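data_7.txt (compact mmCIF, C-alpha atoms) appears below.
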```
# COMPACT_ATOMS: atom_id res chain seq x y z
CA MET A 1 2.92 29.45 11.64
CA ARG A 2 5.34 32.28 11.01
CA GLY A 3 7.29 32.62 7.81
CA VAL A 4 4.67 31.29 5.38
CA GLY A 5 4.85 34.39 3.20
CA PRO A 6 7.95 35.86 1.52
CA LEU A 7 10.21 37.95 3.71
CA ALA A 8 10.79 41.52 2.59
CA LEU A 9 14.50 42.28 2.30
CA CYS A 10 16.07 45.61 3.13
CA ALA A 11 17.21 47.44 -0.01
CA CYS A 12 19.59 49.80 1.80
CA ALA A 13 23.37 49.42 1.60
CA ALA A 14 25.07 47.44 4.34
CA ILE A 15 27.26 49.26 6.86
CA PRO A 16 30.50 47.29 7.32
CA GLY A 17 30.82 45.95 10.83
CA LEU A 18 27.30 46.97 11.83
CA ILE A 19 24.68 45.55 9.47
CA PRO A 20 25.29 42.35 7.53
CA ALA A 21 24.78 42.57 3.80
CA PRO A 22 21.44 41.07 2.72
CA VAL A 23 21.61 37.55 1.37
CA ARG A 24 20.72 37.53 -2.30
CA ALA A 25 19.03 34.60 -3.98
CA ALA A 26 20.60 33.36 -7.18
CA GLU A 27 18.59 33.80 -10.36
CA PRO A 28 16.61 30.71 -11.39
CA VAL A 29 18.27 28.38 -13.88
CA ARG A 30 16.16 26.70 -16.58
CA THR A 31 17.54 23.65 -18.41
CA VAL A 32 16.34 20.62 -20.39
CA PHE A 33 16.23 17.54 -18.15
CA GLY A 34 15.22 14.98 -20.76
CA THR A 35 13.04 14.15 -23.74
CA LEU A 36 9.76 12.21 -23.78
CA PRO A 37 9.26 9.38 -26.29
CA ASP A 38 7.07 11.72 -28.38
CA GLY A 39 9.89 14.28 -28.63
CA ARG A 40 8.63 16.85 -26.13
CA SER A 41 11.23 18.31 -23.79
CA VAL A 42 11.00 18.04 -20.02
CA GLU A 43 12.54 21.07 -18.36
CA GLU A 44 14.08 21.57 -14.94
CA VAL A 45 14.09 24.87 -13.04
CA THR A 46 16.55 25.39 -10.19
CA LEU A 47 15.63 27.82 -7.40
CA THR A 48 18.21 28.97 -4.82
CA ASN A 49 17.54 31.28 -1.88
CA GLY A 50 21.17 32.26 -1.20
CA LYS A 51 21.12 30.63 2.25
CA GLY A 52 22.03 27.11 1.25
CA ILE A 53 18.63 25.81 0.12
CA THR A 54 18.23 24.72 -3.49
CA ALA A 55 15.10 23.26 -5.08
CA ARG A 56 14.88 21.62 -8.50
CA ILE A 57 11.48 21.32 -10.15
CA LEU A 58 10.60 19.32 -13.26
CA SER A 59 7.84 20.11 -15.74
CA TRP A 60 7.02 16.38 -15.80
CA GLY A 61 4.39 15.95 -13.11
CA ALA A 62 5.23 19.45 -11.79
CA LEU A 63 7.47 17.52 -9.41
CA LEU A 64 10.08 18.44 -6.82
CA ARG A 65 13.12 16.43 -7.92
CA SER A 66 15.58 17.52 -5.25
CA LEU A 67 15.74 19.81 -2.24
CA ASP A 68 19.14 20.57 -0.70
CA VAL A 69 18.87 21.76 2.91
CA PRO A 70 21.74 22.52 5.36
CA ASP A 71 22.06 20.68 8.67
CA ARG A 72 22.99 22.35 11.98
CA SER A 73 26.65 22.56 10.90
CA GLY A 74 25.76 24.10 7.54
CA LYS A 75 26.32 20.96 5.45
CA ALA A 76 23.61 20.60 2.83
CA ALA A 77 21.99 17.31 1.81
CA ASP A 78 19.14 16.40 -0.51
CA VAL A 79 16.15 15.59 1.72
CA VAL A 80 13.64 14.26 -0.83
CA LEU A 81 13.53 10.95 -2.69
CA GLY A 82 13.80 10.91 -6.46
CA TYR A 83 15.71 9.84 -9.56
CA THR A 84 18.61 11.18 -11.60
CA ASP A 85 17.05 10.59 -15.03
CA LEU A 86 13.72 11.05 -16.79
CA ALA A 87 13.43 7.40 -17.81
CA SER A 88 13.15 6.37 -14.16
CA TYR A 89 10.32 8.84 -13.56
CA LEU A 90 8.51 7.48 -16.63
CA THR A 91 8.89 3.77 -15.83
CA LYS A 92 9.40 3.39 -12.07
CA GLY A 93 6.83 5.80 -10.69
CA SER A 94 6.36 5.78 -6.88
CA TYR A 95 4.96 9.36 -6.84
CA PHE A 96 8.30 10.86 -5.74
CA GLY A 97 7.82 14.63 -5.45
CA VAL A 98 4.91 14.82 -7.86
CA SER A 99 1.85 17.03 -8.00
CA VAL A 100 -1.12 14.68 -7.71
CA GLY A 101 -4.66 15.21 -9.02
CA ARG A 102 -7.32 15.61 -10.24
CA TYR A 103 -8.20 14.04 -6.91
CA ALA A 104 -5.35 13.21 -4.54
CA ASN A 105 -5.67 10.15 -2.31
CA ARG A 106 -8.38 7.49 -2.65
CA ILE A 107 -11.96 7.40 -3.97
CA ARG A 108 -13.99 4.33 -3.07
CA ALA A 109 -14.56 1.92 -5.99
CA GLY A 110 -13.48 4.65 -8.43
CA ARG A 111 -16.97 6.18 -8.44
CA PHE A 112 -18.69 9.34 -7.27
CA THR A 113 -21.96 11.14 -7.99
CA LEU A 114 -22.26 14.83 -8.84
CA ASP A 115 -25.57 16.54 -9.58
CA GLY A 116 -27.26 13.17 -9.94
CA GLN A 117 -24.77 11.76 -12.45
CA THR A 118 -22.39 8.95 -11.52
CA TYR A 119 -18.83 9.13 -12.84
CA THR A 120 -16.55 6.11 -13.17
CA LEU A 121 -12.79 6.48 -12.68
CA ALA A 122 -9.85 4.16 -13.26
CA THR A 123 -9.28 1.81 -10.31
CA ASN A 124 -5.52 1.75 -9.91
CA ASP A 125 -5.24 0.86 -6.19
CA GLY A 126 -7.03 -2.43 -5.69
CA PRO A 127 -10.74 -1.68 -6.02
CA ASN A 128 -10.24 2.08 -5.57
CA ALA A 129 -9.05 5.12 -7.52
CA LEU A 130 -5.80 6.66 -6.27
CA HIS A 131 -4.16 10.04 -6.97
CA GLY A 132 -6.17 10.85 -10.09
CA GLY A 133 -6.03 7.48 -11.82
CA ALA A 134 -3.75 5.50 -14.08
CA ALA A 135 -2.52 8.67 -15.79
CA GLY A 136 -3.12 11.43 -13.27
CA PHE A 137 -1.47 14.83 -13.14
CA ASP A 138 1.75 13.20 -11.93
CA LYS A 139 2.11 11.53 -15.35
CA ARG A 140 1.50 14.62 -17.48
CA LEU A 141 3.82 17.23 -18.96
CA TRP A 142 3.04 20.60 -17.44
CA THR A 143 3.83 23.88 -19.21
CA ILE A 144 6.16 26.36 -17.53
CA THR A 145 4.34 29.69 -17.75
CA ALA A 146 6.59 31.90 -15.59
CA VAL A 147 10.04 31.88 -14.02
CA LYS A 148 10.80 34.78 -11.70
CA GLY A 149 13.96 35.87 -9.92
CA GLY A 150 14.53 38.26 -7.05
CA ALA A 151 14.36 37.76 -3.30
CA ALA A 152 11.81 34.94 -3.66
CA PRO A 153 12.53 33.09 -6.92
CA SER A 154 9.66 31.04 -8.30
CA VAL A 155 8.38 28.92 -11.15
CA THR A 156 4.76 28.51 -12.22
CA LEU A 157 3.55 25.49 -14.19
CA ARG A 158 0.17 24.83 -15.79
CA TYR A 159 -1.73 21.74 -16.88
CA VAL A 160 -5.09 21.74 -18.68
CA SER A 161 -7.02 18.53 -18.04
CA PRO A 162 -9.71 18.01 -20.70
CA ASP A 163 -13.31 17.14 -19.93
CA GLY A 164 -13.56 13.39 -19.32
CA GLU A 165 -9.86 12.77 -18.72
CA GLU A 166 -9.55 9.78 -16.37
CA GLY A 167 -13.34 9.94 -16.02
CA TYR A 168 -13.55 13.39 -14.38
CA PRO A 169 -16.06 15.97 -15.66
CA GLY A 170 -15.11 19.44 -16.82
CA THR A 171 -12.03 20.98 -18.36
CA LEU A 172 -9.82 21.81 -15.38
CA THR A 173 -6.99 24.34 -15.62
CA ALA A 174 -4.49 23.74 -12.82
CA THR A 175 -1.38 25.69 -11.83
CA ALA A 176 1.45 24.88 -9.45
CA THR A 177 3.77 27.65 -8.24
CA TYR A 178 6.96 26.84 -6.33
CA THR A 179 8.45 29.81 -4.41
CA LEU A 180 11.65 29.70 -2.34
CA ASP A 181 12.15 32.64 0.01
CA ALA A 182 14.64 34.04 2.51
CA THR A 183 12.84 32.49 5.49
CA ASP A 184 14.02 29.07 4.25
CA THR A 185 10.46 28.28 3.16
CA LEU A 186 9.51 26.48 -0.03
CA THR A 187 5.87 27.25 -0.76
CA VAL A 188 3.85 25.26 -3.29
CA THR A 189 0.60 26.94 -4.31
CA TYR A 190 -1.97 24.95 -6.27
CA GLU A 191 -4.89 26.65 -7.98
CA ALA A 192 -7.56 25.33 -10.32
CA THR A 193 -10.58 26.54 -12.29
CA THR A 194 -13.17 24.60 -14.27
CA ASP A 195 -15.72 25.14 -17.04
CA LYS A 196 -18.34 22.86 -15.45
CA PRO A 197 -18.93 21.33 -12.01
CA THR A 198 -16.24 18.85 -11.01
CA ILE A 199 -14.26 17.66 -8.00
CA VAL A 200 -10.67 18.61 -7.24
CA ASN A 201 -8.08 17.87 -4.57
CA LEU A 202 -4.46 18.69 -5.43
CA THR A 203 -1.41 18.13 -3.26
CA ASN A 204 2.31 17.53 -3.37
CA HIS A 205 3.65 14.01 -2.79
CA SER A 206 7.27 14.63 -1.84
CA PHE A 207 8.94 11.93 0.26
CA PHE A 208 11.12 13.52 2.96
CA ASN A 209 14.04 12.13 4.93
CA LEU A 210 15.65 14.91 6.96
CA ALA A 211 18.77 12.79 7.45
CA GLY A 212 19.27 12.98 3.67
CA GLU A 213 17.95 10.63 1.00
CA GLY A 214 21.42 9.19 0.56
CA SER A 215 22.21 8.85 4.27
CA GLY A 216 21.18 5.20 4.54
CA ARG A 217 19.18 6.09 7.65
CA SER A 218 15.44 5.59 7.96
CA ILE A 219 12.88 8.03 9.38
CA LEU A 220 12.12 5.80 12.37
CA ASP A 221 14.29 7.77 14.81
CA GLN A 222 12.94 11.13 13.68
CA SER A 223 10.21 12.80 15.71
CA LEU A 224 6.84 13.89 14.36
CA THR A 225 4.21 16.30 15.61
CA ILE A 226 0.69 16.52 14.13
CA PRO A 227 -1.59 18.99 15.94
CA ALA A 228 -4.76 16.93 15.49
CA GLU A 229 -7.05 15.34 18.06
CA ARG A 230 -8.76 13.04 15.54
CA PHE A 231 -7.94 10.85 12.56
CA THR A 232 -10.04 8.99 9.99
CA PRO A 233 -9.73 5.20 10.37
CA VAL A 234 -9.79 3.06 7.23
CA ASP A 235 -11.26 -0.22 6.07
CA ALA A 236 -9.30 -3.12 4.61
CA THR A 237 -8.86 -1.26 1.28
CA LEU A 238 -7.62 1.93 3.05
CA ILE A 239 -10.84 3.88 2.40
CA PRO A 240 -12.03 5.95 5.41
CA THR A 241 -14.91 4.33 7.27
CA GLY A 242 -16.53 7.74 7.80
CA ALA A 243 -15.68 7.94 11.50
CA HIS A 244 -13.48 10.49 13.24
CA LEU A 245 -11.67 8.68 16.04
CA PRO A 246 -9.76 10.40 18.86
CA VAL A 247 -6.01 9.91 18.72
CA ALA A 248 -5.70 9.85 22.51
CA GLY A 249 -4.45 6.51 23.77
CA THR A 250 -3.62 5.21 20.28
CA PRO A 251 -0.48 4.95 18.10
CA PHE A 252 -1.94 7.90 16.16
CA ASP A 253 -1.37 10.46 18.91
CA PHE A 254 1.31 12.85 17.65
CA ARG A 255 0.07 15.93 19.49
CA LYS A 256 3.44 15.99 21.24
CA PRO A 257 6.75 15.24 19.45
CA THR A 258 6.92 11.46 19.15
CA VAL A 259 9.56 9.22 17.59
CA ILE A 260 8.00 7.76 14.44
CA GLY A 261 9.32 4.26 15.06
CA ALA A 262 7.98 4.05 18.61
CA ARG A 263 4.57 2.61 17.66
CA ILE A 264 4.68 2.04 13.91
CA ARG A 265 4.73 -1.76 14.34
CA ASP A 266 2.14 -2.01 17.10
CA GLY A 267 0.31 -5.11 15.88
CA ARG A 268 -2.32 -4.72 18.59
CA ASP A 269 -3.81 -1.82 16.63
CA GLU A 270 -5.93 -2.93 13.67
CA GLN A 271 -5.33 0.32 11.82
CA ILE A 272 -1.57 -0.12 11.98
CA VAL A 273 -1.91 -3.68 10.66
CA ARG A 274 -4.19 -2.66 7.78
CA ALA A 275 -1.86 0.03 6.48
CA ARG A 276 1.39 -1.79 7.37
CA GLY A 277 2.17 1.24 9.50
CA TYR A 278 0.98 4.80 8.98
CA ASP A 279 -1.02 5.68 5.86
CA HIS A 280 -3.88 7.71 7.32
CA ASN A 281 -5.51 11.12 7.29
CA TRP A 282 -5.39 13.33 10.39
CA VAL A 283 -8.20 15.86 10.99
CA VAL A 284 -6.32 19.09 11.69
CA THR A 285 -9.32 21.35 11.01
CA ASP A 286 -12.89 20.59 9.98
CA ALA A 287 -12.71 22.61 6.75
CA PRO A 288 -10.24 24.62 4.66
CA THR A 289 -9.07 27.83 6.36
CA ALA A 290 -8.41 31.31 5.00
CA GLU A 291 -4.72 31.18 5.92
CA PRO A 292 -2.22 28.32 6.23
CA HIS A 293 -1.96 26.62 9.61
CA LEU A 294 0.57 24.13 10.98
CA VAL A 295 -0.28 20.57 9.96
CA ALA A 296 2.96 18.74 10.85
CA ARG A 297 6.47 19.14 12.22
CA VAL A 298 9.38 16.72 11.76
CA GLU A 299 12.78 16.82 13.46
CA ASP A 300 15.87 14.71 12.83
CA PRO A 301 17.93 14.67 16.06
CA GLU A 302 21.16 13.65 14.32
CA SER A 303 21.36 16.37 11.65
CA GLY A 304 19.27 18.91 13.56
CA ARG A 305 17.08 19.58 10.52
CA ILE A 306 13.50 20.60 11.28
CA LEU A 307 10.63 20.72 8.80
CA GLU A 308 7.37 22.52 9.55
CA VAL A 309 4.52 21.99 7.10
CA ALA A 310 1.65 24.46 6.91
CA SER A 311 -1.42 24.51 4.67
CA ASN A 312 -4.92 25.91 4.40
CA GLN A 313 -6.31 22.38 3.94
CA PRO A 314 -8.16 20.51 6.72
CA GLY A 315 -6.39 17.16 6.56
CA VAL A 316 -2.88 15.80 6.30
CA GLN A 317 -2.13 12.30 5.05
CA PHE A 318 0.92 10.89 6.84
CA TYR A 319 2.45 8.03 4.88
CA ALA A 320 5.54 6.37 6.34
CA GLY A 321 6.77 4.76 3.12
CA ASN A 322 5.29 1.39 4.10
CA PHE A 323 5.24 0.03 0.55
CA LEU A 324 8.78 1.04 -0.46
CA ASN A 325 10.36 -2.37 -1.04
CA ALA A 326 13.90 -1.81 -2.36
CA THR A 327 12.83 -2.39 -5.97
CA VAL A 328 13.87 1.12 -7.11
CA VAL A 329 17.25 2.82 -6.79
CA GLY A 330 17.36 6.52 -5.98
CA LYS A 331 19.63 9.47 -6.72
CA SER A 332 22.42 8.37 -4.39
CA GLY A 333 22.51 4.79 -5.64
CA LEU A 334 20.63 3.39 -2.66
CA ALA A 335 17.61 1.09 -2.94
CA TYR A 336 14.68 2.77 -1.22
CA ARG A 337 13.25 0.56 1.52
CA GLN A 338 10.29 0.63 3.86
CA SER A 339 10.40 3.73 6.14
CA ASP A 340 13.25 5.34 4.19
CA ALA A 341 11.09 8.47 3.89
CA LEU A 342 7.72 9.92 4.78
CA ALA A 343 5.10 11.86 2.88
CA LEU A 344 2.97 14.58 4.48
CA GLU A 345 0.15 15.48 2.10
CA PRO A 346 -2.08 18.44 3.08
CA GLU A 347 -5.43 17.95 1.36
CA LEU A 348 -9.14 17.33 1.66
CA PHE A 349 -10.04 14.08 3.39
CA PRO A 350 -9.82 10.89 1.30
CA ASP A 351 -13.09 9.82 -0.41
CA THR A 352 -14.76 13.15 0.41
CA PRO A 353 -16.91 13.00 -2.78
CA ASN A 354 -18.64 9.90 -1.35
CA GLN A 355 -18.82 11.08 2.26
CA PRO A 356 -20.86 14.29 2.73
CA ALA A 357 -19.91 14.45 6.41
CA PHE A 358 -16.33 15.14 5.32
CA GLY A 359 -17.32 18.38 3.55
CA SER A 360 -17.19 19.03 -0.18
CA ALA A 361 -14.63 18.59 -2.95
CA ARG A 362 -16.83 20.34 -5.49
CA LEU A 363 -15.52 23.10 -7.74
CA ASP A 364 -17.93 25.17 -9.84
CA PRO A 365 -17.26 27.52 -12.77
CA GLY A 366 -16.29 30.97 -11.60
CA LYS A 367 -14.69 29.62 -8.42
CA THR A 368 -11.00 28.99 -7.75
CA TYR A 369 -9.65 26.01 -5.85
CA ARG A 370 -6.53 26.81 -3.81
CA ASN A 371 -4.14 24.73 -1.70
CA VAL A 372 -1.13 26.55 -0.22
CA ILE A 373 1.57 24.25 1.18
CA ALA A 374 4.55 25.80 2.96
CA TYR A 375 7.63 23.75 3.87
CA ARG A 376 9.72 25.75 6.33
CA PHE A 377 13.18 24.51 7.34
CA SER A 378 15.29 25.31 10.37
CA THR A 379 17.74 23.52 12.66
CA SER A 380 17.89 22.68 16.35
CA PRO A 381 20.92 24.14 18.17
CA ALA A 382 22.10 20.87 19.71
CA HIS A 383 21.49 17.15 19.73
CA ARG A 384 18.36 16.28 21.64
CA THR A 385 17.67 13.00 23.36
CA GLN A 386 14.43 11.56 22.03
CA LYS A 387 12.04 9.58 24.19
```
Structure rendered as structure tokens:
Amino acid sequence: MRGVGPLALCACAAIPGLIPAPVRAAEPVRTVFGTLPDGRSVEEVTLTNGKGITARILSWGALLRSLDVPDRSGKAADVVLGYTDLASYLTKGSYFGVSVGRYANRIRAGRFTLDGQTYTLATNDGPNALHGGAAGFDKRLWTITAVKGGAAPSVTLRYVSPDGEEGYPGTLTATATYTLDATDTLTVTYEATTDKPTIVNLTNHSFFNLAGEGSGRSILDQSLTIPAERFTPVDATLIPTGAHLPVAGTPFDFRKPTVIGARIRDGRDEQIVRARGYDHNWVVTDAPTAEPHLVARVEDPESGRILEVASNQPGVQFYAGNFLNATVVGKSGLAYRQSDALALEPELFPDTPNQPAFGSARLDPGKTYRNVIAYRFSTSPAHRTQK
């Protein structure tokens, strides 16, 4: 995928009438968003690339609170779900925009074995552990360690998870860096190191609606592409069975652009019924890659907004907001309902620590875990008829 890295800008002076002046990103803005019950401040950093895209990142959960992106006519709208106040993030949850870990997605029965020792985790999703437990990285205050301006403004946040937190071994030092560049790409880079063997799987859990989170439109008429020939089916508790099934001939075939709502309620497919729609992992590659590769593409025909997601991770969890049930009210005053947004989570496969055939989630001292997620935005030139 092109445009994953920052774009070098020409430093020479513009020649009137011949060369347009380079677009300059605004300097990052750092403010206090709210205060935790224990008195600690939660900060917000605003990144702007000078081309109409603005991202706001909170130190609580290292989360993406808002992301303003222009449509084909240049009108910007916030395309991620979220709240206007800290209290809602503390009490209502829903994983909107957060950084999830120590292990994103599900671990069967909240248990795994490492070097002959079995570790027990909090079971916060039925019988299973989900997104790091009852108080995962999404419910922690991260420390802002760097805010940088220039052509590609960025903010880096750090969280140190002590040995034994939520049942995981080893003191894990994790960082999340958000970078917004001139190619209209927001890149989130996760890195982690440990002082003893552990498991790690970090990802971002932003919920996207390219029509705008306040549009009142669902994602069902938007088209999705996932360049994967296989997916991992799940059991009744949404844990992968261990199989890799071909997507061909199933509602899970998104190798060509497909309207999300076309097959999301196909009750003839047991996997659709179990997850109430899509909440599955697609096998894009068999293992992490050296460089980011395309894992998904979404297009909204009405606004023309296009989102391409790239990562170096092998899987992408596509979640169609099946469990949003209008019990929380978002930034625009609308109650978020089923299929009001989708999450695309590049990561290792769910339950990898219990399924050796899926690879390894192990991190040893002296090694660095890395997940690079690039969200690149563009627009289509004209309305397209979707089939």
Which residues are close to stretch 206-223 of chain A, i.e. within 6 Å by all atoms listed in the file, leaving aside same-chain residues fewer than 2 positions away? Reply as a list in words.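 The contact residues come out as Ala77, Asp78, Val79, Val80, Leu81, Phe96, Gly97, Asn204, Pro257, Thr258, Val259, Ile260, Gly261, Val298, Glu299, Asp300, Ser332, Ser339, Asp340, Ala341, Leu342 and Ala343 of chain A.
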Need to verify the contact set: A:Asp253, 9 Å, all atoms listed in the file, exclusion of same-chain residues closer than 4 positions in sequence. Can you return it as a ChimeraX atom specification? /A:225-226,228-230,246-249,258
What gap, in Å, lies between atom CA of A:Pro227 and atom CA of A:Arg255?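 Atom-to-atom, atom CA of A:Pro227 and atom CA of A:Arg255 are spaced 5.0 Å apart.
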Minimum-distance residue to A:Leu344, chosen among A:Gly366, A:Gly126, A:Gly34, A:Gly315 (using all atoms listed in the file): A:Gly315
Given all atoms listed in the file as the counted atoms, nearest of A:Ser154, A:Gln317, A:Gln355, A:Thr179 to A:Ala296: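 Nearest candidate to A:Ala296 out of A:Ser154, A:Gln317, A:Gln355, A:Thr179: A:Gln317.
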Nearby residues, (-11.7, 4.8, 3.4) file frame, 7 Å, all atoms listed in the file, as a ChimeraX atom specification: /A:108,234-235,238-241,350-351
Residues from the last selection, C-alpha atoms, saved as a PDB file, in the frame of the given file:
```pdb
ATOM      1  CA  ARG A 108     -13.990   4.330  -3.070  1.00  0.00           C
ATOM      2  CA  VAL A 234      -9.790   3.060   7.230  1.00  0.00           C
ATOM      3  CA  ASP A 235     -11.260  -0.220   6.070  1.00  0.00           C
ATOM      4  CA  LEU A 238      -7.620   1.930   3.050  1.00  0.00           C
ATOM      5  CA  ILE A 239     -10.840   3.880   2.400  1.00  0.00           C
ATOM      6  CA  PRO A 240     -12.030   5.950   5.410  1.00  0.00           C
ATOM      7  CA  THR A 241     -14.910   4.330   7.270  1.00  0.00           C
ATOM      8  CA  PRO A 350      -9.820  10.890   1.300  1.00  0.00           C
ATOM      9  CA  ASP A 351     -13.090   9.820  -0.410  1.00  0.00           C
TER      10      ASP A 351
END
```
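We find atom CA of A:Leu294 and atom CA of A:Leu172 to be spaced 28.4 Å apart.
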Which residue of A:Leu67, A:Phe252, A:Asp38, A:Glu302 approaches A:Tyr375 most closely, using only C-alpha atoms: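 Closest to A:Tyr375, using only C-alpha atoms: A:Leu67.
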Write stretch 359-376 of chain A as a CSV table (one decimal), in the frame of the given file, completed to N, CA, C and O atoms.
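result.csv, freshly written:
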```csv
chain,number,residue,atom,x,y,z
A,359,GLY,N,-17.4,17.1,4.2
A,359,GLY,CA,-17.3,18.4,3.6
A,359,GLY,C,-17.6,18.2,2.1
A,359,GLY,O,-18.3,17.3,1.6
A,360,SER,N,-17.0,19.1,1.3
A,360,SER,CA,-17.2,19.0,-0.2
A,360,SER,C,-15.9,19.2,-0.9
A,360,SER,O,-15.0,20.0,-0.6
A,361,ALA,N,-15.8,18.4,-2.0
A,361,ALA,CA,-14.6,18.6,-3.0
A,361,ALA,C,-15.1,19.2,-4.3
A,361,ALA,O,-14.3,19.3,-5.2
A,362,ARG,N,-16.2,19.8,-4.3
A,362,ARG,CA,-16.8,20.3,-5.5
A,362,ARG,C,-16.2,21.7,-5.9
A,362,ARG,O,-15.9,22.5,-5.0
A,363,LEU,N,-16.0,21.8,-7.2
A,363,LEU,CA,-15.5,23.1,-7.7
A,363,LEU,C,-16.4,23.5,-8.9
A,363,LEU,O,-16.7,22.7,-9.8
A,364,ASP,N,-17.0,24.7,-8.8
A,364,ASP,CA,-17.9,25.2,-9.8
A,364,ASP,C,-17.3,26.2,-10.7
A,364,ASP,O,-16.3,26.9,-10.3
A,365,PRO,N,-17.8,26.4,-11.9
A,365,PRO,CA,-17.3,27.5,-12.8
A,365,PRO,C,-17.3,28.9,-12.1
A,365,PRO,O,-18.3,29.1,-11.3
A,366,GLY,N,-16.3,29.7,-12.3
A,366,GLY,CA,-16.3,31.0,-11.6
A,366,GLY,C,-15.6,31.0,-10.2
A,366,GLY,O,-15.3,32.0,-9.7
A,367,LYS,N,-15.4,29.8,-9.7
A,367,LYS,CA,-14.7,29.6,-8.4
A,367,LYS,C,-13.3,29.2,-8.6
A,367,LYS,O,-12.9,28.6,-9.7
A,368,THR,N,-12.4,29.4,-7.7
A,368,THR,CA,-11.0,29.0,-7.8
A,368,THR,C,-10.6,28.1,-6.6
A,368,THR,O,-10.8,28.5,-5.4
A,369,TYR,N,-10.2,26.9,-6.9
A,369,TYR,CA,-9.6,26.0,-5.8
A,369,TYR,C,-8.2,26.5,-5.5
A,369,TYR,O,-7.5,26.9,-6.4
A,370,ARG,N,-7.9,26.4,-4.2
A,370,ARG,CA,-6.5,26.8,-3.8
A,370,ARG,C,-6.0,26.0,-2.6
A,370,ARG,O,-6.7,25.8,-1.7
A,371,ASN,N,-4.8,25.4,-2.8
A,371,ASN,CA,-4.1,24.7,-1.7
A,371,ASN,C,-2.7,25.3,-1.6
A,371,ASN,O,-1.9,25.2,-2.5
A,372,VAL,N,-2.5,26.0,-0.5
A,372,VAL,CA,-1.1,26.6,-0.2
A,372,VAL,C,-0.4,25.7,0.8
A,372,VAL,O,-0.9,25.4,1.9
A,373,ILE,N,0.8,25.1,0.3
A,373,ILE,CA,1.6,24.2,1.2
A,373,ILE,C,2.9,24.9,1.4
A,373,ILE,O,3.6,25.2,0.4
A,374,ALA,N,3.3,25.2,2.6
A,374,ALA,CA,4.6,25.8,3.0
A,374,ALA,C,5.4,24.8,3.7
A,374,ALA,O,5.0,24.3,4.8
A,375,TYR,N,6.6,24.6,3.2
A,375,TYR,CA,7.6,23.8,3.9
A,375,TYR,C,8.7,24.7,4.4
A,375,TYR,O,9.5,25.2,3.7
A,376,ARG,N,8.7,24.9,5.7
A,376,ARG,CA,9.7,25.8,6.3
A,376,ARG,C,10.8,24.9,7.1
A,376,ARG,O,10.5,24.1,7.9
```
